[in-house]
Structure formats: C-alpha cells, structure tokens
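J.: Before I ask anything, here is the structure I am working with.
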Amino acid sequence: MTGITISREGRAARLSLSRGKALNAMTREMCEAAIAALLEWRDDDSIAAVMIDHTGERGFCAGGDVAMVRRSVVEEDGAEGRAFFLAEYRLNHLLFTYPKPVITFMDGVTMGGGVGISLPAAFRVATENTLFAMPEGAIGLFPDAGAGFTFARLPNRLGQFLALTGARLDGAECLWAGLATHYLESAALDEAKARIAAQPESAEAILTELSTTPPPARLAGNADNIARHFASDRLEDILASLDADDGKWAGKELAAVSAKCPTTSKVALRLLAEGARRADFAEEMAREYAIVCRMIVRPDFAEGVRAVLVDKDNAPRWNPARPEDVSETMLDAIFASLPENERWTPAVS
Ligand code: QUE
C-alpha cells in the first residue's frame with residue numbers, strides 16, 4: 001500500500017491519491033512513487049498528459065502526514081520528517097517544471113500538501129465539493145509546498161489573507177481567485193477524464209466545454225477589505241488594522257489571525273514578500289526546505305499538531321504567544337541557508 005494508484009488510460013497517465021483513511025494526506029512513499037512515475041512518463045512519447053485525482057469519497061488531499069513528522073521530531077532525531085519534506089518539495093518542483101500538461105482535480109478537501117500538488121499544475125479543476133485552504137498556522141508550520149511562490153503572485157494581498165487566516169475557499173472562490181482554472185460539476189469529472197485520456201492535446205478545450213458557471217464567489221465581496229487590512233508585511237500592522245474596524249467581517253478575521261501561531265504568521269509574511277521577488281521555483285523550494293527544517297523542531301509544531309490532530313482540544317499554547325515577541329533575529333535564524341550538504345536539491349537537475 002503506497003497510498004497512490006498509478007495507471008494509464010489511452011495517452012494520458014494518472015496519479016490517484018488512495019490513502020483514504022487519512023484523507024489522502026501525503027507520505028514520503030506517496031511522493032517518491034509519484035516522482036518515479038512522472039520521470040518515466042516525461043520520457044515516454046506515448047504519454048501526452050498527466051491527471052492527478054483521488055479515489056474514494058472523502059476528498060482530494062488533507063495535506064502531509066504531519067502526525068508522522070511530529071513523532072519523528074518528538075521521539076527521534078527528525079530525519080524522517082526532513083526526508084518527507086525533501087520528497088514532497090521535489091514533487092512540487094517536478095510538477096511546476098513538468099514539460100507535459102498536468103491536470104489536477106481538486107474535488108473535495110484540498111489543503112496544505114494537497115494545494116502543493118495542485119497549484120503547480122497547468123490546469124486546476126474545482127468543483128462544488130472543493131474546500132481549499134492553507135491551514136498551517138493552526139499547527140505552527142507555515143504555508144509551504146510552493147505556496148510562498150504561488151500565493152505571492154495572487155493579486156490584492158489575497159495570498160497574505162489565505163496564509164494568515166487559513167480561510168477555506170469553495171470551488172467558486174478558487175475559480176474567482178485564479179487558484180483554479182476551470183469549474184466543473186463533480187458529476188462531469190468522469191467524462192472529462194475519459195475524454196482527456198482519448199485526446200490529451202485537447203485537455204484545455206475539453207475542460208472548457210464541460211465547465212459550468214459557478215455560484216457567485218462570496219470572497220469577491222470582501223476583496224477590498226482584504227486588500228486594505230492585509231496591506232502590510234508586518235503582522236502587528238495587520239492585527240491593528242483589523243482591530244480598528246468595527247465591522248463583523250474584520251472581527252471574525254481578527255479572531256482567526258489571532259488564534260494562529262504568531263511565528264507561523266511572521267514566517268509567512270516574510271516568505272511571501274521574498275517569493276514575489278524570486279524568479280525561480282527551485283530557489284523557492286530550497287528556501288522553504290531550510291525553513292521547514294527549523295520549523296518542525298520548534299515546540300510550536302509539536303504543540304500545534306498535538307492540539308489539532310493528537311488531543312484535538314484545539315487549544316494550542318504558542319511560544320512566543322505574542323506577535324511582538326517574535327523578533328527579526330528569530331526569523332533570520334529560521335530563514336538562514338542550510339549547510340551545503342543538507343540543502344534541498346531537485347529530483348533531477
Ligand atoms: C492544519 C494543517 C493540517 C491539518 C490540520 C490543520 C495538515 C494536515 C492535516 C491532516 C489531516 C488529516 C490527516 C492527516 C493530516 O491536518 O497539514 O494525516 O489524516 O496534513 O489544522 O496544516
């Protein structure tokens with residue numbers, strides 16, 4: 001059981017996440033199996049496109065196997081945790097640079113690592129079941145798997161909003177934000193996949209033809225609020241701006257940001273500011289890998305996973321607990337480059 005089903009149909013190849021009991025949360029084994037298959041298909045002239053989807057009912061992908069990573073850092077030396085992120089980020093990078101079209105079906109929960117394998121794809125299909133989020137602030141991690149690059153390129157500070165609040169978007173909102181390229185009813189997915197397998201060079205036209213008009217994107221109504229309140233790269237400014245607004249929306253978002261790990265939020269703001277200036281996705285993954293090696297050994301990560309996935313009390317005690325106590329010096333240490341022999345490298349150079 002690798003948790004991933006690898007198949008071909010016609011001239012398309014398919015990776016289906018199939019680790020149902022854990023909502024398809026990615027493991028190192030799944031990432032490595034996906035990388036091996038993608039490298040084989042890259043040089044196979046009989047394959048013209050790759051589809052990524054899931055089997056079973058429960059959603060596309062909840063993220064990464066962070067319970068394993070927590071065990072690795074709490075009970076051992078963390079090597080297994082680092083090996084997982086090395087493989088996960090290699091997969092994200094391989095998808096981003098893949099020479100053949102990749103189509104991702106974000107049908108259901110698409111969070112964390114699920115976002116990481118979705119956004120690098122050329123075509124990203126949302127449905128009425130899509131539930132999209134980067135919720136790492138709840139577990140003391142940070143928006144990773146390439147989000148520092150892709151979120152940095154969203155307009156109107158939307159990336160900063162998603163990173164700091166962990167807001168959940170539906171399929172209509174994903175299409176509105178450009179996170180998805182197409183919106184299909186889930187009932188049309190089987191037909192879309194069959195037609196893409198038969199005619200992979202027409203993937204885009206097939207998805208466009210089967211698209212339906214989504215309901216209005218609620219998020220669009222708050223775009224001005226988001227751009228205004230999340231304008232600063234300083235967490236303290238964002239909190240002060242939300243706090244000064246008496247409206248219901250600002251109150252709700254202030255509560256959301258305030259509940260998240262303050263170190264996560266400051267890492268996210270610095271990462272997105274840097275990511276907007278970065279030309280190269282490989283450079284992004286190397287930076288995120290250095291950061292994740294520091295973040296998983298911080299007590300906030302073990303505490304966050306404890307609160308959300310182990311004890312499920314949803315009452316994490318962050319340390320530092322206050323934004324003003326997360327210093328630039330602490331962030332510098334988290335962002336510092338790794339020693340040469342420990343750095344992230346792509347699956348193939
Ligand atoms: C924040 C997160 C994650 C999360 C919950 C959060 C995350 C993640 C999972 C998850 C969910 C179900 C599983 C599993 C992991 O939950 O990244 O193994 O079965 O992977 O609030 O970042």
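By convention in this document, the chains of the structure tokens carry letters A, B, ... by their order, each chain's residues are numbered from 1, and ligands are numbered from 1 in the order they are shown.
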Any residue with an atom at most 10 Å from ligand 1 counts, using only C-alpha atoms and all ligand atoms. Which are they? Put them as number ranges by chain.
T.: A: 19-27, 61-69, 109, 111-114, 133-144, 166, 260, 301, 304-305, 307-309, 312, 314
J.: Suppose we keep C-alpha atoms; can you now write the selection as a compact mmCIF listing (two decimals), in the first residue's frame?
T.:
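The file below, result-v2.txt, is the result:
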```
# COMPACT_ATOMS: atom_id res chain seq x y z
CA ARG A 19 -4.81 6.75 1.27
CA GLY A 20 -8.44 7.16 2.21
CA LYS A 21 -8.39 6.76 5.97
CA ALA A 22 -6.04 9.73 6.38
CA LEU A 23 -7.89 11.86 3.81
CA ASN A 24 -5.04 11.13 1.38
CA ALA A 25 -2.50 13.06 3.46
CA MET A 26 0.78 12.67 1.59
CA THR A 27 3.52 10.35 2.85
CA CYS A 61 -5.83 15.63 -0.09
CA ALA A 62 -5.75 16.94 3.51
CA GLY A 63 -2.04 17.79 3.47
CA GLY A 64 1.03 15.93 4.59
CA ASP A 65 1.49 13.19 7.17
CA VAL A 66 2.27 15.69 9.93
CA ALA A 67 1.46 13.20 12.69
CA MET A 68 4.43 11.14 11.45
CA VAL A 69 6.62 14.26 11.28
CA VAL A 109 -10.80 18.86 0.67
CA MET A 111 -5.41 21.61 1.90
CA GLY A 112 -1.73 22.07 2.68
CA GLY A 113 0.19 19.46 0.71
CA GLY A 114 -2.90 18.99 -1.49
CA ALA A 133 -7.07 26.11 2.46
CA MET A 134 -3.54 26.54 3.73
CA PRO A 135 -4.22 25.86 7.44
CA GLU A 136 -0.61 25.54 8.69
CA GLY A 137 -0.99 28.44 11.12
CA ALA A 138 -3.09 26.07 13.25
CA ILE A 139 -0.17 23.65 13.66
CA GLY A 140 2.79 26.05 13.93
CA LEU A 141 4.12 25.17 10.49
CA PHE A 142 3.92 27.66 7.57
CA PRO A 143 2.30 27.84 4.12
CA ASP A 144 4.77 25.66 2.23
CA GLY A 166 -6.26 29.73 6.95
CA LYS A 260 -2.80 31.15 14.69
CA PHE A 301 4.92 22.50 15.65
CA GLY A 304 0.04 22.60 17.13
CA VAL A 305 -0.19 19.01 15.84
CA ALA A 307 -3.83 20.42 19.65
CA VAL A 308 -5.33 19.71 16.21
CA LEU A 309 -4.63 16.05 15.42
CA LYS A 312 -7.94 17.50 19.32
CA ASN A 314 -7.86 22.95 19.54
```
J.: Which residues come within 6 Å of range 268-282 of chain A, counting only C-alpha atoms, excluding same-chain residues fewer than 3 positions away, as a JSON list (two decimals) with C-alpha atoms, in the first residue's frame?
T.:
```
[["chain", "number", "residue", "atom", "x", "y", "z"],
["A", 148, "GLY", "CA", 5.49, 31.05, -0.84],
["A", 149, "PHE", "CA", 5.78, 31.40, -4.62],
["A", 152, "ALA", "CA", 2.95, 35.70, -3.51],
["A", 233, "ASP", "CA", 4.05, 42.87, 5.59],
["A", 265, "SER", "CA", 2.33, 34.26, 10.53],
["A", 285, "MET", "CA", 11.76, 25.13, -2.67]]
```
J.: Can you list, as a compact mmCIF listing (two decimals) with N, CA and C atoms, in the first residue's frame, every protein, DNA or RNA residue that comes within 12 Å of Lys193 in chain A when you count only C-alpha atoms, leaving out same-chain residues fewer than 4 positions away?
T.:
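Saved file out06.txt follows:
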```
# COMPACT_ATOMS: atom_id res chain seq x y z
N ARG A 8 -2.48 4.14 -16.50
CA ARG A 8 -2.55 4.85 -17.77
C ARG A 8 -3.86 4.47 -18.45
N GLU A 9 -4.34 5.43 -19.19
CA GLU A 9 -5.60 5.22 -19.90
C GLU A 9 -5.42 5.99 -21.20
N GLY A 10 -5.45 5.28 -22.32
CA GLY A 10 -5.20 5.95 -23.59
C GLY A 10 -3.82 6.58 -23.56
N ARG A 11 -3.73 7.87 -23.94
CA ARG A 11 -2.44 8.55 -23.98
C ARG A 11 -2.24 9.50 -22.80
N ALA A 12 -3.05 9.26 -21.75
CA ALA A 12 -2.86 10.04 -20.52
C ALA A 12 -2.44 9.10 -19.39
N ALA A 13 -1.65 9.62 -18.47
CA ALA A 13 -1.28 8.87 -17.28
C ALA A 13 -2.02 9.47 -16.10
N ARG A 14 -2.15 8.67 -15.05
CA ARG A 14 -2.96 9.14 -13.92
C ARG A 14 -2.34 8.75 -12.58
N ALA A 49 -0.24 13.64 -21.44
CA ALA A 49 -0.72 14.47 -20.33
C ALA A 49 -0.80 13.62 -19.08
N VAL A 50 -0.80 14.29 -17.93
CA VAL A 50 -0.90 13.58 -16.64
C VAL A 50 -2.07 14.16 -15.85
N MET A 51 -2.91 13.27 -15.33
CA MET A 51 -4.03 13.70 -14.48
C MET A 51 -3.74 13.29 -13.04
N ILE A 52 -4.09 14.17 -12.10
CA ILE A 52 -3.94 13.86 -10.68
C ILE A 52 -5.31 13.97 -10.03
N ASP A 53 -5.75 12.88 -9.39
CA ASP A 53 -7.06 12.90 -8.73
C ASP A 53 -7.00 12.00 -7.49
N ILE A 103 -3.08 18.00 -15.18
CA ILE A 103 -4.44 18.42 -14.83
C ILE A 103 -4.75 17.88 -13.44
N THR A 104 -5.08 18.78 -12.50
CA THR A 104 -5.38 18.35 -11.13
C THR A 104 -6.87 18.53 -10.85
N PHE A 105 -7.48 17.51 -10.26
CA PHE A 105 -8.91 17.55 -9.93
C PHE A 105 -9.06 17.78 -8.43
N VAL A 125 -8.80 21.94 -11.67
CA VAL A 125 -10.25 21.86 -11.77
C VAL A 125 -10.88 21.91 -10.38
N LEU A 184 -16.04 22.65 -12.80
CA LEU A 184 -16.92 21.62 -13.36
C LEU A 184 -17.78 21.04 -12.25
N SER A 186 -19.02 18.00 -10.22
CA SER A 186 -18.31 16.74 -9.99
C SER A 186 -18.90 15.61 -10.84
N ALA A 187 -20.17 15.70 -11.17
CA ALA A 187 -20.81 14.67 -12.00
C ALA A 187 -20.19 14.60 -13.39
N ALA A 188 -19.49 15.66 -13.80
CA ALA A 188 -18.89 15.69 -15.15
C ALA A 188 -17.44 15.22 -15.15
N LEU A 189 -16.88 14.90 -13.98
CA LEU A 189 -15.44 14.60 -13.92
C LEU A 189 -15.08 13.31 -14.66
N ALA A 197 -8.17 11.39 -21.64
CA ALA A 197 -7.38 10.19 -21.93
C ALA A 197 -7.39 9.88 -23.43
N ALA A 198 -8.56 10.12 -24.07
CA ALA A 198 -8.67 9.83 -25.51
C ALA A 198 -7.99 10.90 -26.35
N GLN A 199 -7.98 12.14 -25.85
CA GLN A 199 -7.47 13.27 -26.64
C GLN A 199 -6.72 14.25 -25.76
N PRO A 200 -5.55 13.83 -25.25
CA PRO A 200 -4.86 14.66 -24.25
C PRO A 200 -4.45 16.05 -24.76
N SER A 202 -6.18 17.99 -26.37
CA SER A 202 -7.35 18.87 -26.28
C SER A 202 -7.82 19.08 -24.84
N ALA A 203 -6.95 18.78 -23.87
CA ALA A 203 -7.36 18.85 -22.46
C ALA A 203 -8.02 20.19 -22.12
N GLU A 204 -7.41 21.26 -22.55
CA GLU A 204 -7.95 22.58 -22.18
C GLU A 204 -9.33 22.80 -22.79
N ILE A 206 -11.47 20.52 -23.74
CA ILE A 206 -12.42 19.61 -23.11
C ILE A 206 -12.90 20.18 -21.77
N LEU A 207 -11.97 20.68 -20.97
CA LEU A 207 -12.34 21.24 -19.67
C LEU A 207 -13.22 22.48 -19.86
N LEU A 210 -16.77 21.41 -20.82
CA LEU A 210 -17.55 20.79 -19.74
C LEU A 210 -17.73 21.72 -18.54
```
J.: Identify, on the basis of only C-alpha atoms, every residue whose closest approach to Ala33 in chain A does not exceed 12 Å; exclude the query and any residue fewer than 4 positions from it along the same chain; express the result as an NGL selection string.
T.: :A and (1-6 or 15-17 or 26-29 or 37-40 or 87-88 or 90-91)
J.: Once you have the residues from the selection above, write them out as a PDB file, in the first residue's frame, restricted to N, CA and C atoms.
T.:
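Printed below is result_24.pdb as written:
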```pdb
ATOM      1  N   MET A   1       0.830  -1.213   0.000  1.00  0.00           N
ATOM      2  CA  MET A   1       0.000   0.000   0.000  1.00  0.00           C
ATOM      3  C   MET A   1       0.864   1.262   0.000  1.00  0.00           C
ATOM      4  N   THR A   2       1.050   1.832  -1.176  1.00  0.00           N
ATOM      5  CA  THR A   2       1.821   3.081  -1.200  1.00  0.00           C
ATOM      6  C   THR A   2       0.926   4.290  -0.967  1.00  0.00           C
ATOM      7  N   GLY A   3      -0.391   4.123  -1.062  1.00  0.00           N
ATOM      8  CA  GLY A   3      -1.288   5.266  -0.910  1.00  0.00           C
ATOM      9  C   GLY A   3      -1.482   6.047  -2.191  1.00  0.00           C
ATOM     10  N   ILE A   4      -0.934   5.495  -3.290  1.00  0.00           N
ATOM     11  CA  ILE A   4      -1.111   6.177  -4.569  1.00  0.00           C
ATOM     12  C   ILE A   4      -1.291   5.108  -5.645  1.00  0.00           C
ATOM     13  N   THR A   5      -2.285   5.318  -6.517  1.00  0.00           N
ATOM     14  CA  THR A   5      -2.554   4.357  -7.586  1.00  0.00           C
ATOM     15  C   THR A   5      -2.074   4.954  -8.896  1.00  0.00           C
ATOM     16  N   ILE A   6      -1.221   4.215  -9.575  1.00  0.00           N
ATOM     17  CA  ILE A   6      -0.603   4.705 -10.803  1.00  0.00           C
ATOM     18  C   ILE A   6      -1.184   3.936 -11.979  1.00  0.00           C
ATOM     19  N   LEU A  15      -2.270   9.723 -11.702  1.00  0.00           N
ATOM     20  CA  LEU A  15      -1.865   9.503 -10.308  1.00  0.00           C
ATOM     21  C   LEU A  15      -3.114   9.706  -9.462  1.00  0.00           C
ATOM     22  N   SER A  16      -3.552   8.649  -8.780  1.00  0.00           N
ATOM     23  CA  SER A  16      -4.737   8.777  -7.924  1.00  0.00           C
ATOM     24  C   SER A  16      -4.334   8.595  -6.464  1.00  0.00           C
ATOM     25  N   LEU A  17      -4.549   9.621  -5.660  1.00  0.00           N
ATOM     26  CA  LEU A  17      -4.267   9.510  -4.229  1.00  0.00           C
ATOM     27  C   LEU A  17      -5.274   8.529  -3.636  1.00  0.00           C
ATOM     28  N   MET A  26      -0.374  13.195   2.324  1.00  0.00           N
ATOM     29  CA  MET A  26       0.784  12.671   1.593  1.00  0.00           C
ATOM     30  C   MET A  26       1.835  12.097   2.540  1.00  0.00           C
ATOM     31  N   THR A  27       2.382  10.942   2.159  1.00  0.00           N
ATOM     32  CA  THR A  27       3.521  10.355   2.854  1.00  0.00           C
ATOM     33  C   THR A  27       4.749  10.446   1.947  1.00  0.00           C
ATOM     34  N   ARG A  28       5.918  10.175   2.529  1.00  0.00           N
ATOM     35  CA  ARG A  28       7.137  10.157   1.726  1.00  0.00           C
ATOM     36  C   ARG A  28       7.039   9.116   0.612  1.00  0.00           C
ATOM     37  N   GLU A  29       6.481   7.951   0.965  1.00  0.00           N
ATOM     38  CA  GLU A  29       6.322   6.877  -0.020  1.00  0.00           C
ATOM     39  C   GLU A  29       5.459   7.333  -1.210  1.00  0.00           C
ATOM     40  N   ALA A  37       7.054   7.833 -11.182  1.00  0.00           N
ATOM     41  CA  ALA A  37       6.129   7.687 -12.312  1.00  0.00           C
ATOM     42  C   ALA A  37       6.231   8.891 -13.246  1.00  0.00           C
ATOM     43  N   LEU A  38       6.291  10.091 -12.686  1.00  0.00           N
ATOM     44  CA  LEU A  38       6.364  11.306 -13.515  1.00  0.00           C
ATOM     45  C   LEU A  38       7.645  11.322 -14.344  1.00  0.00           C
ATOM     46  N   LEU A  39       8.747  10.871 -13.770  1.00  0.00           N
ATOM     47  CA  LEU A  39      10.016  10.855 -14.519  1.00  0.00           C
ATOM     48  C   LEU A  39       9.940   9.851 -15.673  1.00  0.00           C
ATOM     49  N   GLU A  40       9.283   8.721 -15.430  1.00  0.00           N
ATOM     50  CA  GLU A  40       9.127   7.729 -16.504  1.00  0.00           C
ATOM     51  C   GLU A  40       8.243   8.292 -17.624  1.00  0.00           C
ATOM     52  N   ALA A  87      11.193  15.054  -0.166  1.00  0.00           N
ATOM     53  CA  ALA A  87      10.472  14.373  -1.248  1.00  0.00           C
ATOM     54  C   ALA A  87       9.250  15.184  -1.685  1.00  0.00           C
ATOM     55  N   GLU A  88       8.508  15.735  -0.733  1.00  0.00           N
ATOM     56  CA  GLU A  88       7.303  16.492  -1.076  1.00  0.00           C
ATOM     57  C   GLU A  88       7.657  17.702  -1.946  1.00  0.00           C
ATOM     58  N   ARG A  90      10.330  18.091  -3.759  1.00  0.00           N
ATOM     59  CA  ARG A  90      10.800  17.618  -5.071  1.00  0.00           C
ATOM     60  C   ARG A  90       9.616  17.358  -5.997  1.00  0.00           C
ATOM     61  N   LEU A  91       8.559  16.771  -5.441  1.00  0.00           N
ATOM     62  CA  LEU A  91       7.356  16.518  -6.245  1.00  0.00           C
ATOM     63  C   LEU A  91       6.722  17.840  -6.687  1.00  0.00           C
TER      64      LEU A  91
END
```
J.: Could you work out how far CA of Ala347 in chain A lies from CA of Leu94 in chain A, giving the answer in Å with one decimal?
T.: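 CA of Ala347 in chain A lies 7.2 Å from CA of Leu94 in chain A.
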J.: Could you list, as a list in words, every residue within 10 Å of Val74 in chain A, counting only C-alpha atoms and ignoring same-chain residues fewer than 2 positions away?
T.: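 Near Val74 in chain A, the qualifying residues are Met68, Val69, Arg70, Arg71, Ser72, Glu76, Asp77, Gly78, Ile296, Val297, Pro299 and Ala302 of chain A.
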